[in-house]
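Chemist: Pasting a structure below so you can have a look.
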Amino acid sequence: MKEFQVVLITGGAGYIGSHAVQEARNYGFEPVTYDNLSMGHRWAIQGEFVKGDLGDRPKLLKAFRKYQPAAVMHFASHTYVGESVTHPQKYYRDNLTNALNLFSVMLERKVSHFILSSTCAVYGDPVQVPIPEDHPRNPVNPYGDSKMMLEKILAWYDRAYGLRSTFLRYFNAAGADASGRLGEAHDPETHLIPLVLDSAMGRRKEITIFGQDYPTPDGTCIRDYIHVTDLAGAHFLALKLMMETGQSDFFNLGTGKGFSVREVITKAEEVTGKRIPVRMGPRRAGDPPELVAQSDKARAALGWQPRHSSLENILKTAWAWHRNYFGGKAKTSRRSTVRSRQ
């Protein structure tokens, strides 16, 4: 019987974390979800589960003693860009202080492999597109800043304590697993694709596009969308490489191809067969015209390929999930606001 190494997945009841839990055994790992369910969902939990907060050191120690993980994947954090600007204390407290508590327990239990769910928000406004990993890190909001600070802390922990870590800087996570069991359900929802699908389903009145005068082919912002299943797989490829080499590293995760807001809406109309009402609005401060990843490093070092990340497949899987989760009932709610940043 094949033995699986245990990996503790914080935030494993959330969108990306639950997809990582689902993919774990395909890569030879046994997942244990650690989540306080403040943002995650009970229906997303698979396998072993510990309900706990990262600020609860005794609970963390108990989980480490019981399951003896070989590694930790860290998805548990706040991720709303706008909220981070208005409530920075929340982001620095929970994204940083709780992570430091987790690192302390890892050091005590001699667990030396860590995968950080990071973000392209660490780069800030790009000076080069596609964005390479050596692009200057200059975050323009507390969310991105908290992730950059974690990256810096982990680099020092590597030198001082031998805690190896890999940072995975996502671009725009999207889509749902092919079985339709898992998908994106945030409250509030801020991501473009589920908001567009809400409008296709009639749950929202319309989509507001913020800005149509950007220096892009159709005047709307361009983003790099990566399927959540491809993201999940990259975490385990990165973990395997780190365990083999004993070296820390960092990678962008994106397709290298961007789609504008208008292109996403047009393709969503094709996939759903529904007309999606659109309303034009002014630009929002801080929205870069284009965010696209240069991900050659991940492809070469990890042997990673984004196999599920065509825009059509992203929308098809997201639409299947959306109809299943919301039951296909048309409910008109307040106007949606499109967030083009992750």
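For the structure tokens, the naming scheme is as follows: chains receive sequential letters (A, B, ...) according to their order of presentation, residues are indexed from 1 within each chain, and ligands are indexed from 1 in presentation order.
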Sorted by chain and rising residue number, list the residues of range 247-335 of chain A at most 9 Å from range 120-143 of chain A (counting only C-alpha atoms), each with its closest atom pair and distance in Å to one decimal, as CSV.
Modeler:
```
residue,atom,partner,partner_atom,distance
A:Phe250,CA,A:Glu133,CA,7.5
A:Phe251,CA,A:Glu133,CA,6.5
A:Asn252,CA,A:Glu133,CA,6.3
A:Leu253,CA,A:Cys120,CA,8.8
A:Gly256,CA,A:Pro130,CA,6.8
A:Lys257,CA,A:Pro130,CA,8.6
A:Gly286,CA,A:Val140,CA,7.8
A:Asp287,CA,A:Asp125,CA,8.2
A:Pro288,CA,A:Asp125,CA,6.1
A:Glu290,CA,A:Val129,CA,7.5
A:Leu291,CA,A:Val129,CA,6.9
A:Val292,CA,A:Pro130,CA,5.0
A:Ala293,CA,A:Ile131,CA,5.0
A:Gln294,CA,A:Pro132,CA,5.0
A:Ser295,CA,A:Pro132,CA,7.3
A:Asp296,CA,A:Pro132,CA,8.7
A:Lys297,CA,A:Glu133,CA,8.3
```
Chemist: Give me the residues near Lys316 in chain A as an MDAnalysis selection string, where near means some atom within 9 Å (using only C-alpha atoms) and where sequence neighbours in that chain fewer than 5 positions away do not count.
Modeler: chainID A and resid 175:176 268 271:272 311 321
Chemist: May I have the residues within 7 Å of Ser112 in chain A as a PyMOL selection string, using only C-alpha atoms and disregarding those fewer than 6 positions away in the same chain?
Modeler: chain A and resi 71+106+162-164
Chemist: Can you write out the residues you just picked, keeping C-alpha atoms, as a short mmCIF file (atom, residue, chain, number, x, y, z; two decimals), in the first residue's frame?
Modeler:
```cif
data_model
loop_
_atom_site.label_atom_id
_atom_site.label_comp_id
_atom_site.auth_asym_id
_atom_site.auth_seq_id
_atom_site.Cartn_x
_atom_site.Cartn_y
_atom_site.Cartn_z
CA ALA A 71 4.91 20.17 5.26
CA MET A 106 6.55 24.52 12.76
CA GLY A 162 16.46 26.23 7.88
CA LEU A 163 12.71 26.68 7.31
CA ARG A 164 12.49 26.13 3.56
#
```
Chemist: With a cut-off of 12 Å, could you pull out the residues of range 142-228 of chain A touching range 15-25 of chain A and give me the nearest pair of atoms for each, distance in Å to one decimal, using only C-alpha atoms, ordered by chain and ascending number, as a tab-separated table?
Modeler:
```
residue	atom	partner	partner_atom	distance
A:Tyr170	CA	A:Ile16	CA	10.7
A:Asn172	CA	A:Ile16	CA	11.3
A:Ala173	CA	A:Ile16	CA	7.9
A:Ala174	CA	A:Ile16	CA	9.2
A:Gly175	CA	A:Tyr15	CA	10.1
A:Ala176	CA	A:His19	CA	8.4
A:Asp177	CA	A:His19	CA	7.3
A:Ala178	CA	A:His19	CA	10.8
A:Ser179	CA	A:Gln22	CA	10.9
A:Gly180	CA	A:His19	CA	11.3
A:Arg181	CA	A:His19	CA	9.7
A:Leu182	CA	A:His19	CA	7.1
A:Gly183	CA	A:Tyr15	CA	6.4
A:Glu184	CA	A:Tyr15	CA	5.6
A:Ala185	CA	A:Tyr15	CA	7.3
A:His186	CA	A:Tyr15	CA	8.2
A:Asp187	CA	A:Tyr15	CA	11.7
A:Glu189	CA	A:Tyr15	CA	11.8
A:Ile226	CA	A:Ile16	CA	11.4
A:His227	CA	A:Ile16	CA	9.9
A:Val228	CA	A:Ile16	CA	6.3
```
Chemist: Go ahead and write the residues just picked, C-alpha atoms, as a PDB file, in the first residue's frame.
Modeler:
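Result file part18.pdb:
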```
ATOM      1  CA  TYR A 170      -0.848  33.897  -8.358  1.00  0.00           C
ATOM      2  CA  ASN A 172      -6.241  35.703 -11.283  1.00  0.00           C
ATOM      3  CA  ALA A 173      -7.500  32.379  -9.930  1.00  0.00           C
ATOM      4  CA  ALA A 174     -10.696  31.294 -11.671  1.00  0.00           C
ATOM      5  CA  GLY A 175     -12.844  28.319 -12.666  1.00  0.00           C
ATOM      6  CA  ALA A 176     -13.974  25.279 -10.719  1.00  0.00           C
ATOM      7  CA  ASP A 177     -13.058  21.603 -10.511  1.00  0.00           C
ATOM      8  CA  ALA A 178     -14.367  19.476 -13.353  1.00  0.00           C
ATOM      9  CA  SER A 179     -16.613  17.359 -11.113  1.00  0.00           C
ATOM     10  CA  GLY A 180     -18.587  20.433 -10.061  1.00  0.00           C
ATOM     11  CA  ARG A 181     -18.114  19.636  -6.373  1.00  0.00           C
ATOM     12  CA  LEU A 182     -15.997  22.706  -5.598  1.00  0.00           C
ATOM     13  CA  GLY A 183     -16.062  26.272  -6.837  1.00  0.00           C
ATOM     14  CA  GLU A 184     -15.922  29.951  -6.017  1.00  0.00           C
ATOM     15  CA  ALA A 185     -18.363  31.297  -3.429  1.00  0.00           C
ATOM     16  CA  HIS A 186     -17.156  34.414  -1.649  1.00  0.00           C
ATOM     17  CA  ASP A 187     -19.217  36.769   0.489  1.00  0.00           C
ATOM     18  CA  GLU A 189     -18.014  38.315  -4.154  1.00  0.00           C
ATOM     19  CA  ILE A 226      -5.406  30.755 -14.253  1.00  0.00           C
ATOM     20  CA  HIS A 227      -7.632  27.748 -13.550  1.00  0.00           C
ATOM     21  CA  VAL A 228      -7.798  26.869  -9.873  1.00  0.00           C
TER      22      VAL A 228
END
```
Chemist: As JSON, numbers by chain, please: all residues of range 205-307 of chain A that backbone DSSP puts in strand (DSSP E).
Modeler: {"A": [207, 208, 209, 210, 222, 223, 225, 226, 227, 249, 250, 251, 252, 253, 259, 260, 278, 279, 280, 281, 290, 291]}
Chemist: What does the file look like for those residues with N, CA and C atoms, as a PDB file, in the first residue's frame?
Modeler:
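Saved to result26.pdb:
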```pdb
ATOM      1  N   ILE A 207     -23.409  44.144 -14.961  1.00  0.00           N
ATOM      2  CA  ILE A 207     -21.989  44.252 -14.651  1.00  0.00           C
ATOM      3  C   ILE A 207     -21.530  45.680 -14.951  1.00  0.00           C
ATOM      4  N   THR A 208     -20.827  46.253 -14.012  1.00  0.00           N
ATOM      5  CA  THR A 208     -20.225  47.561 -14.257  1.00  0.00           C
ATOM      6  C   THR A 208     -18.769  47.369 -14.658  1.00  0.00           C
ATOM      7  N   ILE A 209     -18.421  47.900 -15.824  1.00  0.00           N
ATOM      8  CA  ILE A 209     -17.030  47.892 -16.273  1.00  0.00           C
ATOM      9  C   ILE A 209     -16.418  49.239 -15.894  1.00  0.00           C
ATOM     10  N   PHE A 210     -15.380  49.190 -15.090  1.00  0.00           N
ATOM     11  CA  PHE A 210     -14.764  50.425 -14.619  1.00  0.00           C
ATOM     12  C   PHE A 210     -13.632  50.840 -15.560  1.00  0.00           C
ATOM     13  N   ILE A 222      -6.849  44.344 -18.758  1.00  0.00           N
ATOM     14  CA  ILE A 222      -6.476  42.982 -19.145  1.00  0.00           C
ATOM     15  C   ILE A 222      -5.885  42.256 -17.944  1.00  0.00           C
ATOM     16  N   ARG A 223      -6.341  41.011 -17.739  1.00  0.00           N
ATOM     17  CA  ARG A 223      -5.844  40.187 -16.640  1.00  0.00           C
ATOM     18  C   ARG A 223      -5.543  38.772 -17.126  1.00  0.00           C
ATOM     19  N   TYR A 225      -5.865  34.962 -16.382  1.00  0.00           N
ATOM     20  CA  TYR A 225      -6.718  34.057 -15.604  1.00  0.00           C
ATOM     21  C   TYR A 225      -6.138  32.652 -15.608  1.00  0.00           C
ATOM     22  N   ILE A 226      -5.989  32.077 -14.406  1.00  0.00           N
ATOM     23  CA  ILE A 226      -5.406  30.755 -14.253  1.00  0.00           C
ATOM     24  C   ILE A 226      -6.407  29.841 -13.552  1.00  0.00           C
ATOM     25  N   HIS A 227      -6.632  28.660 -14.112  1.00  0.00           N
ATOM     26  CA  HIS A 227      -7.632  27.748 -13.550  1.00  0.00           C
ATOM     27  C   HIS A 227      -7.184  27.261 -12.177  1.00  0.00           C
ATOM     28  N   ASP A 249      12.406  28.781  -2.970  1.00  0.00           N
ATOM     29  CA  ASP A 249      12.289  29.374  -4.299  1.00  0.00           C
ATOM     30  C   ASP A 249      10.995  30.177  -4.399  1.00  0.00           C
ATOM     31  N   PHE A 250      10.736  30.769  -5.569  1.00  0.00           N
ATOM     32  CA  PHE A 250       9.508  31.540  -5.784  1.00  0.00           C
ATOM     33  C   PHE A 250       9.155  31.475  -7.256  1.00  0.00           C
ATOM     34  N   PHE A 251       7.838  31.459  -7.543  1.00  0.00           N
ATOM     35  CA  PHE A 251       7.355  31.282  -8.902  1.00  0.00           C
ATOM     36  C   PHE A 251       6.098  32.103  -9.143  1.00  0.00           C
ATOM     37  N   ASN A 252       5.989  32.652 -10.353  1.00  0.00           N
ATOM     38  CA  ASN A 252       4.715  33.188 -10.828  1.00  0.00           C
ATOM     39  C   ASN A 252       3.851  32.036 -11.320  1.00  0.00           C
ATOM     40  N   LEU A 253       2.552  32.157 -11.115  1.00  0.00           N
ATOM     41  CA  LEU A 253       1.603  31.192 -11.663  1.00  0.00           C
ATOM     42  C   LEU A 253       0.552  31.938 -12.477  1.00  0.00           C
ATOM     43  N   PHE A 259      -6.679  38.496 -20.898  1.00  0.00           N
ATOM     44  CA  PHE A 259      -7.968  38.766 -21.528  1.00  0.00           C
ATOM     45  C   PHE A 259      -8.567  40.020 -20.906  1.00  0.00           C
ATOM     46  N   SER A 260      -9.170  40.839 -21.748  1.00  0.00           N
ATOM     47  CA  SER A 260      -9.783  42.065 -21.254  1.00  0.00           C
ATOM     48  C   SER A 260     -11.123  41.767 -20.601  1.00  0.00           C
ATOM     49  N   VAL A 278     -24.479  45.182 -19.385  1.00  0.00           N
ATOM     50  CA  VAL A 278     -23.248  45.882 -19.015  1.00  0.00           C
ATOM     51  C   VAL A 278     -23.547  47.358 -18.798  1.00  0.00           C
ATOM     52  N   ARG A 279     -22.912  47.916 -17.798  1.00  0.00           N
ATOM     53  CA  ARG A 279     -22.989  49.350 -17.524  1.00  0.00           C
ATOM     54  C   ARG A 279     -21.570  49.874 -17.434  1.00  0.00           C
ATOM     55  N   MET A 280     -21.304  51.007 -18.075  1.00  0.00           N
ATOM     56  CA  MET A 280     -19.970  51.588 -18.041  1.00  0.00           C
ATOM     57  C   MET A 280     -19.821  52.519 -16.844  1.00  0.00           C
ATOM     58  N   GLY A 281     -18.672  52.448 -16.206  1.00  0.00           N
ATOM     59  CA  GLY A 281     -18.369  53.322 -15.099  1.00  0.00           C
ATOM     60  C   GLY A 281     -16.988  53.929 -15.274  1.00  0.00           C
ATOM     61  N   GLU A 290      -2.835  46.451 -17.391  1.00  0.00           N
ATOM     62  CA  GLU A 290      -2.561  45.068 -17.785  1.00  0.00           C
ATOM     63  C   GLU A 290      -1.714  44.362 -16.731  1.00  0.00           C
ATOM     64  N   LEU A 291      -2.151  43.163 -16.330  1.00  0.00           N
ATOM     65  CA  LEU A 291      -1.382  42.303 -15.425  1.00  0.00           C
ATOM     66  C   LEU A 291      -1.325  40.906 -16.045  1.00  0.00           C
TER      67      LEU A 291
END
```
Chemist: Give me the residues near Ser38 in chain A as a tab-separated table (two decimals) with C-alpha atoms, in the first residue's frame, where near means some atom within 10 Å (using only C-alpha atoms) and where sequence neighbours in that chain fewer than 2 positions away do not count.
Modeler:
```tsv
chain	number	residue	atom	x	y	z
A	11	GLY	CA	-7.49	27.59	4.81
A	13	ALA	CA	-12.08	25.03	3.34
A	14	GLY	CA	-11.63	28.07	1.10
A	35	ASP	CA	-9.53	26.20	9.06
A	36	ASN	CA	-11.57	28.38	11.42
A	40	GLY	CA	-14.31	28.85	4.28
A	41	HIS	CA	-17.27	26.50	3.89
A	53	ASP	CA	-7.65	29.52	14.43
A	76	ALA	CA	-5.48	31.13	5.29
```
Chemist: Tell me which of A:Met242, A:Ile115, A:Val7, A:Leu197 sits closest to Ala320 in chain A, counting only C-alpha atoms.
Modeler: A:Leu197
Chemist: Have a look at A:Arg323, A:Arg159, A:Lys152, A:Arg284 and name the one nearest to Arg203 in chain A; count only C-alpha atoms.
Modeler: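 Once distances to Arg203 in chain A are computed over only C-alpha atoms, the minimum belongs to A:Arg323.
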Chemist: DSSP says helix (DSSP H, G or I) for which residues of range 39-163 of chain A? Put them as number ranges by chain?
Modeler: A: 42-44, 57-67, 81-86, 88-108, 120-122, 142-161
Chemist: Calculate how many Å separate CA of Ile193 in chain A from CA of Trp43 in chain A, rounding to one decimal.
Modeler: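 Interatomic distance, CA of Ile193 in chain A to CA of Trp43 in chain A: 21.4 Å.
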Chemist: Would you work out the distance separating CA of His78 in chain A from CA of Gly55 in chain A, expressed in Å to one decimal?
Modeler: 14.2 Å
